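Taking it in order: structure first as structure tokens, then the write-up.
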Amino acid sequence: MKHILLSLFALFTTISVHAEDGHQLWLRYQPVNKAKVLCDSKSATIQIAKQELETYYNGAQIALKLDATMPDDDGYRFDGSTLSARREAGLLYGTYALLRGDMNMESHPAYDLRLLNHWDNLDGSIERGYAGESIFWKIENAQLSTFNAQLIEEYARANASIGINGTVLNNVNASPKMLTTPYLKEVKKIADILRPYHIKVYLSINFATPMALGDTKTADPLDKSVAKWWQKKAKEIYKLIPDFGGFLVKANSEGQPGPGDYKRTHADGANMLADALKPYKGIVMWRCFVYGANHKGEDRVKQAVSEFKPLDGQFRDNVILQTKNGPLDFQPREPYSPIFDQIKQTPNMVELQITQEYLGQSRHLVYLAPMWQEFFSQVNPKQLRGIAGVANIGLDKNWCGHHFSQANWYAFGRLAWNPMLPSDKIAREWLQQTFTRDPQFVNTMAQIMAESREACVDYMMPLGLHHIFKFDHHYGPEPDGFIKSYPLEWCPVYYHKADKQGVGFERSSKGTDAVSQYRKELARTYDNINTCPENLLLWFHHVPWTYKMKDGSTLWESLQFHYNRGVITVETHHNIWHNKMRHYIDEQRWREVDDRLHHQVENAREWRDTCLKYFGQFANE
Ligand code: GCW
């Protein structure tokens with residue numbers, strides 16, 4: 001451990017004089033080497049905290065103390081000379097808080113479960129990954145090849161520094177191979193590196209694994225041989241990894257196998273796995289991202305509630321339902337998923353997407369914290385059991401593809417700790433650590449970050465439009481998208497329903513009545529075209545082109561205004577970066593961001609031009 005930290009330290013000192021490639025993330029601490037750190041424990045975690053403080057803490061002396069009277073496991077308190085926590089993890093989190101200059105003397109996380117979900121495939125590719133191949137999985141000469149241990153430790157440190165305490169190592173579209181012994185041995189090695197940083201390992205599983213591996217004849221969750229197989233597998237896993245966290249499951253969704261294949265319910269499937277994990281305190285995170293199966297033909301955004309509400313109350317106590325923030329699919333703007341109103345007896349987790357699948361991927365500067373905060377302003381954070389973020393991390397030198405995409409990883413961790421932290425505060429914190437403390441730079445860029453998500457909504461899909469992306473890769477506009485052989489729910493025309501009368505999806509009581517899945521007051525607000533927030537208008541209503549918006553313009557004029565505003569905003573952002581930001585930071589990162597902003601402007605113009613041309617055909621008829 002020590003030598004890795006020392007070599008990191010050596011690396012940092014060299015890098016700080018030369019160009020920066022972003023690999024250090026927000027951890028660009030400068031060595032001070034003056035603090036004396038007092039502590040009794042020799043545990044690996046405490047040694048990490050000690051080493052970090054001895055090297056980077058700007059005070060003369062500090063004591064680390066375990067204090068059983070602290071109210072929770074991971075929180076910490078600092079009184080100016082002693083850092084206290086109930087567990088070592090808290091001391092580690094407190095250490096990183098001090099190093100980032102956090103003056104908050106006492107802090108406790110909102111959730112026990114603060115997880116990253118990696119959609120990493122075992123061949124090294126990453127589903128919706130835009131920053132290179134997987135840091136965990138690699139195939140060489142058709143053989144499983146091992147990861148770079150130092151990189152995994154850097155990953156652990158970065159996550160610990162923002163309070164993340166769990167990680168799912170593979171894609172929810174999971175390969176049955178994941179649970180074979182050679183792969184589990186790799187998982188053990190990764191878990192051993194992450195453990196001192198208090199990061200637990202979890203796996204996504206393929207529901208049909210025992211059958212796919214040829215060990216059972218069926219994957220029916222009520223079949224004894226199947227349940228037995230999972231129990232044996234759990235035993236094997238926990239022997240290798242005693243603190244293994246549990247399973248994440250995508251079942252009967254987008255072609256994945258599941259209990260529905262045997263006419264069993266999601267509860268039957270989840271409970272069978274939960275029983276296998278229970279003796280070891282493992283959990284099952286069961287995803288509600290399900291459509292096109294039992295409720296085929298129903299408005300896609302309603303299907304999760306239709307499927308899961310009748311099962312509420314039937315799940316074991318170590319099952320958590322994991323649901324995306326919106327009812328459709330990580331769009332630039334969605335209303336929250338009504339699952340969070342409807343599922344009352346089963347614990348819920350929210351799944352956010354850090355990787356910008358639908359928000360310009362790693363080519364656009366889009367800061368996601370304001371979007372996540374919008375979710376937390378609608379769904380009370382206290383009603384959730386945990387939070388998961390689909391990671392944007394890959395083998396690219398700067399981890400995330402775009403230097404500013406690192407901010408989304410950082411913000412996710414900070415919000416998982418405290419969902420009430422203002423997004424602007426997080427942006428500033430991140431900018432100061434990642435680039436420079438110069439207030440001119442920080443103020444300007446914090447402003448740009450704050451505007452970036454709304455700009456993206458404007459140039460892609462304003463006023464509640466959704467899912468008009470190009471097929472499959474989801475980059476760029478395709479409002480006329482329709483492929484006969486595809487499910488309708490994948491086609492843009494299904495979502496905007498433009499015709500010569502108007503545009504938008506009628507989900508009011510006059511249409512699919514998706515509004516009725518929301519809590520009463522909101523259902524009423526959304527149902528009425530006059531009270532529905534304009535930023536969700538076309539999500540809930542099919543609106544005439546000549547409809548009068550609140551500012552007096554027609555819908556069509558308003559749509560044009562938004563598309564143009566989005567483009568102008570990113571043009572301005574690029575101009576500012578290009579002309580004013582260069583001298584504040586290193587040349588390499590400045591240039592790389594500049595190139596991407598240049599591209600973003602072009603892509604935003606493509607969105608505007610394509611969409612206005614397409615919708616104009618109807619509006620101007
Ligand atoms: O957003 C869609 C993505 C799929 C993804 C799926 C899911 C992992 O386009 O790539 O599959 O959602 O969340 O399961």
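Residue numbering restarts at 1 in every chain; chains get A, B, ... in the order shown in the structure tokens, and ligands count up from 1 in that same order.
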Inset, instruction - Mind listing the strand (DSSP E) residues of stretch 229-283 of chain A, per DSSP on the backbone, as a PyMOL selection string? - result: chain A and resi 246-249+283
Written selection (N, CA and C atoms) as a tab-separated table (two decimals), in the first residue's frame:
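Generated file (again_33.tsv):
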chain	number	residue	atom	x	y	z
A	246	GLY	N	-23.42	-8.22	-2.99
A	246	GLY	CA	-24.66	-8.82	-3.47
A	246	GLY	C	-24.79	-8.71	-4.98
A	247	PHE	N	-26.02	-8.93	-5.47
A	247	PHE	CA	-26.28	-8.98	-6.91
A	247	PHE	C	-27.14	-7.80	-7.38
A	248	LEU	N	-26.84	-7.38	-8.59
A	248	LEU	CA	-27.70	-6.43	-9.31
A	248	LEU	C	-28.32	-7.20	-10.47
A	249	VAL	N	-29.63	-7.05	-10.68
A	249	VAL	CA	-30.29	-7.90	-11.67
A	249	VAL	C	-31.15	-7.12	-12.65
A	283	ILE	N	-27.23	-8.48	-0.49
A	283	ILE	CA	-28.50	-7.89	-0.95
A	283	ILE	C	-28.72	-8.15	-2.44
Show me, as a tab-separated table, the residues of chain A having an atom within 6 Å of ligand 1, each with the closest atom pair and its distance in Å, using only C-alpha atoms and all ligand atoms.
residue	atom	partner	partner_atom_place_in_ligand_line	distance
A:Glu127	CA	ligand 1	10 (O)	5.8
A:Arg128	CA	ligand 1	10 (O)	5.9
A:Val172	CA	ligand 1	8 (C)	5.6
A:Asn173	CA	ligand 1	8 (C)	5.6
A:Asp329	CA	ligand 1	1 (O)	5.3
Legend entry - Which of stretch 315-494 of chain A fall in alpha helix (DSSP H), as an MDAnalysis selection string: chainID A and resid 339:342 369:378 406:417 423:434 439:460 492:494
Inset, instruction - Kindly indicate which residue among A:Gln345, A:Asn564, A:Gln150, A:Gln501 lies nearest to A:Gln617, using only C-alpha atoms for the distances. - result: A:Gln501
Write out, as a tab-separated table, each residue of stretch 224-307 of chain A that has an atom at most 12 Å from stretch 186-204 of chain A, together with the closest pair of atoms and their distance in Å to one decimal, counting only C-alpha atoms, rows going by chain and rising number.
residue	atom	partner	partner_atom	distance
A:Ala234	CA	A:Leu203	CA	11.6
A:Glu236	CA	A:Lys188	CA	11.2
A:Ile237	CA	A:Lys188	CA	8.6
A:Tyr238	CA	A:Lys188	CA	9.6
A:Lys239	CA	A:Lys188	CA	9.7
A:Leu240	CA	A:Lys188	CA	6.0
A:Ile241	CA	A:Lys188	CA	5.8
A:Pro242	CA	A:Lys188	CA	9.5
A:Asp243	CA	A:Lys200	CA	6.9
A:Phe244	CA	A:Val201	CA	5.6
A:Gly245	CA	A:Tyr202	CA	5.0
A:Gly246	CA	A:Tyr202	CA	5.1
A:Phe247	CA	A:Leu203	CA	5.1
A:Leu248	CA	A:Ser204	CA	4.5
A:Val249	CA	A:Ser204	CA	5.7
A:Lys250	CA	A:Ser204	CA	7.9
A:Ala251	CA	A:Ser204	CA	10.6
A:Leu277	CA	A:Tyr202	CA	11.8
A:Gly282	CA	A:Tyr202	CA	9.2
A:Ile283	CA	A:Tyr202	CA	9.2
A:Val284	CA	A:Tyr202	CA	9.6
A:Met285	CA	A:Ser204	CA	9.1
A:Trp286	CA	A:Ser204	CA	9.9
A:Arg287	CA	A:Ser204	CA	10.6
Filtering to C-alpha atoms, could you give me those residues as a PDB file, in the first residue's frame?
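Printed below is out.pdb as written:
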ATOM      1  CA  ALA A 234     -23.264 -17.820  -2.949  1.00  0.00           C
ATOM      2  CA  GLU A 236     -18.363 -20.114  -3.204  1.00  0.00           C
ATOM      3  CA  ILE A 237     -18.459 -16.336  -3.641  1.00  0.00           C
ATOM      4  CA  TYR A 238     -18.429 -15.580   0.068  1.00  0.00           C
ATOM      5  CA  LYS A 239     -15.588 -17.982   0.658  1.00  0.00           C
ATOM      6  CA  LEU A 240     -13.510 -15.912  -1.739  1.00  0.00           C
ATOM      7  CA  ILE A 241     -14.941 -12.525  -0.772  1.00  0.00           C
ATOM      8  CA  PRO A 242     -16.374 -12.560   2.759  1.00  0.00           C
ATOM      9  CA  ASP A 243     -17.714  -9.009   2.478  1.00  0.00           C
ATOM     10  CA  PHE A 244     -19.228  -9.417  -0.997  1.00  0.00           C
ATOM     11  CA  GLY A 245     -22.119  -6.958  -1.365  1.00  0.00           C
ATOM     12  CA  GLY A 246     -24.657  -8.825  -3.472  1.00  0.00           C
ATOM     13  CA  PHE A 247     -26.278  -8.979  -6.908  1.00  0.00           C
ATOM     14  CA  LEU A 248     -27.696  -6.426  -9.307  1.00  0.00           C
ATOM     15  CA  VAL A 249     -30.290  -7.905 -11.665  1.00  0.00           C
ATOM     16  CA  LYS A 250     -31.759  -6.885 -14.996  1.00  0.00           C
ATOM     17  CA  ALA A 251     -34.414  -9.514 -15.682  1.00  0.00           C
ATOM     18  CA  LEU A 277     -27.479 -14.328  -0.155  1.00  0.00           C
ATOM     19  CA  GLY A 282     -25.874  -9.942   0.878  1.00  0.00           C
ATOM     20  CA  ILE A 283     -28.496  -7.894  -0.949  1.00  0.00           C
ATOM     21  CA  VAL A 284     -30.320  -8.083  -4.261  1.00  0.00           C
ATOM     22  CA  MET A 285     -30.806  -4.911  -6.231  1.00  0.00           C
ATOM     23  CA  TRP A 286     -33.597  -5.718  -8.672  1.00  0.00           C
ATOM     24  CA  ARG A 287     -34.034  -3.271 -11.535  1.00  0.00           C
TER      25      ARG A 287
END
Inset, instruction - For A:Glu454, work out the shell of residues within 10 Å, counting only C-alpha atoms and skipping chain neighbours fewer than 6 positions away, then give it as a PyMOL selection string. - result: chain A and resi 332-333+366-368+370-371+460+462+562+565-566+569
Legend entry - Spatial neighbours of A:Glu307, max dist 12 Å, only C-alpha atoms, sep filter under 2 positions, as a PyMOL selection string: chain A and resi 252-253+260+265-267+287-296+298+300-305+309-312+339+342-343
Write the residues you've just listed into a file as a PDB file, in the first residue's frame, and include C-alpha atoms for each of them.
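Full text of out-v5.pdb as output:
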ATOM      1  CA  ASN A 252     -37.047  -9.802 -18.397  1.00  0.00           C
ATOM      2  CA  SER A 253     -35.902  -6.551 -19.848  1.00  0.00           C
ATOM      3  CA  GLY A 260     -41.132 -14.283 -16.427  1.00  0.00           C
ATOM      4  CA  THR A 265     -43.003 -12.950 -10.978  1.00  0.00           C
ATOM      5  CA  HIS A 266     -40.118 -10.590 -10.345  1.00  0.00           C
ATOM      6  CA  ALA A 267     -40.709 -11.237  -6.645  1.00  0.00           C
ATOM      7  CA  ARG A 287     -34.034  -3.271 -11.535  1.00  0.00           C
ATOM      8  CA  CYS A 288     -37.445  -1.899 -12.466  1.00  0.00           C
ATOM      9  CA  PHE A 289     -36.285  -0.937 -15.972  1.00  0.00           C
ATOM     10  CA  VAL A 290     -38.747  -3.313 -17.588  1.00  0.00           C
ATOM     11  CA  TYR A 291     -40.921  -2.757 -20.636  1.00  0.00           C
ATOM     12  CA  GLY A 292     -42.264  -4.633 -23.642  1.00  0.00           C
ATOM     13  CA  ALA A 293     -42.907  -7.859 -21.724  1.00  0.00           C
ATOM     14  CA  ASN A 294     -46.084  -8.374 -19.686  1.00  0.00           C
ATOM     15  CA  HIS A 295     -47.478  -4.962 -20.528  1.00  0.00           C
ATOM     16  CA  LYS A 296     -46.581  -4.806 -24.168  1.00  0.00           C
ATOM     17  CA  GLU A 298     -49.032  -0.001 -22.914  1.00  0.00           C
ATOM     18  CA  ARG A 300     -43.783   2.536 -22.106  1.00  0.00           C
ATOM     19  CA  VAL A 301     -43.451   5.040 -19.268  1.00  0.00           C
ATOM     20  CA  LYS A 302     -46.310   3.346 -17.407  1.00  0.00           C
ATOM     21  CA  GLN A 303     -45.083  -0.207 -17.607  1.00  0.00           C
ATOM     22  CA  ALA A 304     -42.745  -0.326 -14.609  1.00  0.00           C
ATOM     23  CA  VAL A 305     -45.505   0.710 -12.215  1.00  0.00           C
ATOM     24  CA  LYS A 309     -46.896  -2.159  -7.964  1.00  0.00           C
ATOM     25  CA  PRO A 310     -48.907  -5.387  -7.577  1.00  0.00           C
ATOM     26  CA  LEU A 311     -45.754  -7.046  -6.193  1.00  0.00           C
ATOM     27  CA  ASP A 312     -45.072  -4.427  -3.530  1.00  0.00           C
ATOM     28  CA  ILE A 339     -42.375   4.141  -9.012  1.00  0.00           C
ATOM     29  CA  GLN A 342     -46.184   3.883  -5.879  1.00  0.00           C
ATOM     30  CA  ILE A 343     -43.810   1.410  -4.237  1.00  0.00           C
TER      31      ILE A 343
END
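Nearest residue to A:Leu144 among A:Glu451, A:Asp527, A:Asp123, A:Asp40 is A:Asp123, counting only C-alpha atoms.
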Inset, instruction - Extract, using only C-alpha atoms, all DNA, RNA and protein residues at most 12 Å from A:Arg157, discarding same-chain residues fewer than 2 positions from it, and format them as a VMD selection string. - result: chain A and resid 1 4 to 5 8 24 to 27 45 48 to 49 52 92 to 93 95 to 96 150 to 155 159 to 165 193 to 199
Legend entry - Closest of A:Phe618, A:Tyr183, A:Trp556, A:Trp409 to A:Lys497 - atom-to-atom distances counting only C-alpha atoms: A:Phe618
Legend entry - Proximity to A:Met449 - best of A:His496, A:His473, A:His364, A:Arg414, only C-alpha atoms: A:His364
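Using only C-alpha atoms, the contacts of stretch 214-228 of chain A at a cut-off of 6 Å, with sequence neighbours closer than 6 positions omitted, comprise Ala208, Tyr262 and Gly269 of chain A.
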So that I have them on file, write out the residues from the current selection with all heavy atoms, as a JSON list (two decimals), in the first residue's frame.
[["chain", "number", "residue", "atom", "x", "y", "z"],
["A", 208, "ALA", "N", -30.34, -16.48, -15.95],
["A", 208, "ALA", "CA", -30.32, -17.88, -16.43],
["A", 208, "ALA", "C", -28.96, -18.55, -16.25],
["A", 208, "ALA", "O", -28.71, -19.61, -16.84],
["A", 208, "ALA", "CB", -30.75, -17.92, -17.89],
["A", 262, "TYR", "N", -40.70, -18.29, -17.02],
["A", 262, "TYR", "CA", -41.36, -19.48, -16.43],
["A", 262, "TYR", "C", -42.69, -19.10, -15.80],
["A", 262, "TYR", "O", -43.18, -19.77, -14.90],
["A", 262, "TYR", "CB", -40.42, -20.13, -15.39],
["A", 262, "TYR", "CG", -39.04, -20.34, -15.98],
["A", 262, "TYR", "CD1", -38.04, -19.38, -15.82],
["A", 262, "TYR", "CD2", -38.78, -21.45, -16.78],
["A", 262, "TYR", "CE1", -36.80, -19.53, -16.43],
["A", 262, "TYR", "CE2", -37.54, -21.61, -17.39],
["A", 262, "TYR", "CZ", -36.56, -20.65, -17.21],
["A", 262, "TYR", "OH", -35.34, -20.80, -17.82],
["A", 269, "GLY", "N", -38.41, -14.34, -8.50],
["A", 269, "GLY", "CA", -37.00, -14.37, -8.93],
["A", 269, "GLY", "C", -36.09, -13.71, -7.90],
["A", 269, "GLY", "O", -35.06, -14.26, -7.50]]
Legend entry - Counting only C-alpha atoms, the option among A:Val319, A:Trp545, A:Leu488, A:Asp299 closest to A:Arg507: A:Asp299
Inset, instruction - Find the residues near A:Thr180: any atom within 10 Å, counting only C-alpha atoms, skip ones fewer than 4 places away on the same chain, and give them as a list in words. - result: Pro176, Leu184, Lys185, Thr209, Leu213, Lys233 and Ile237 of chain A
Legend entry - Residue among A:Met178, A:Ala142, A:Leu99, A:Ile135 lying closest to A:Ile393, counting only C-alpha atoms: A:Ile135
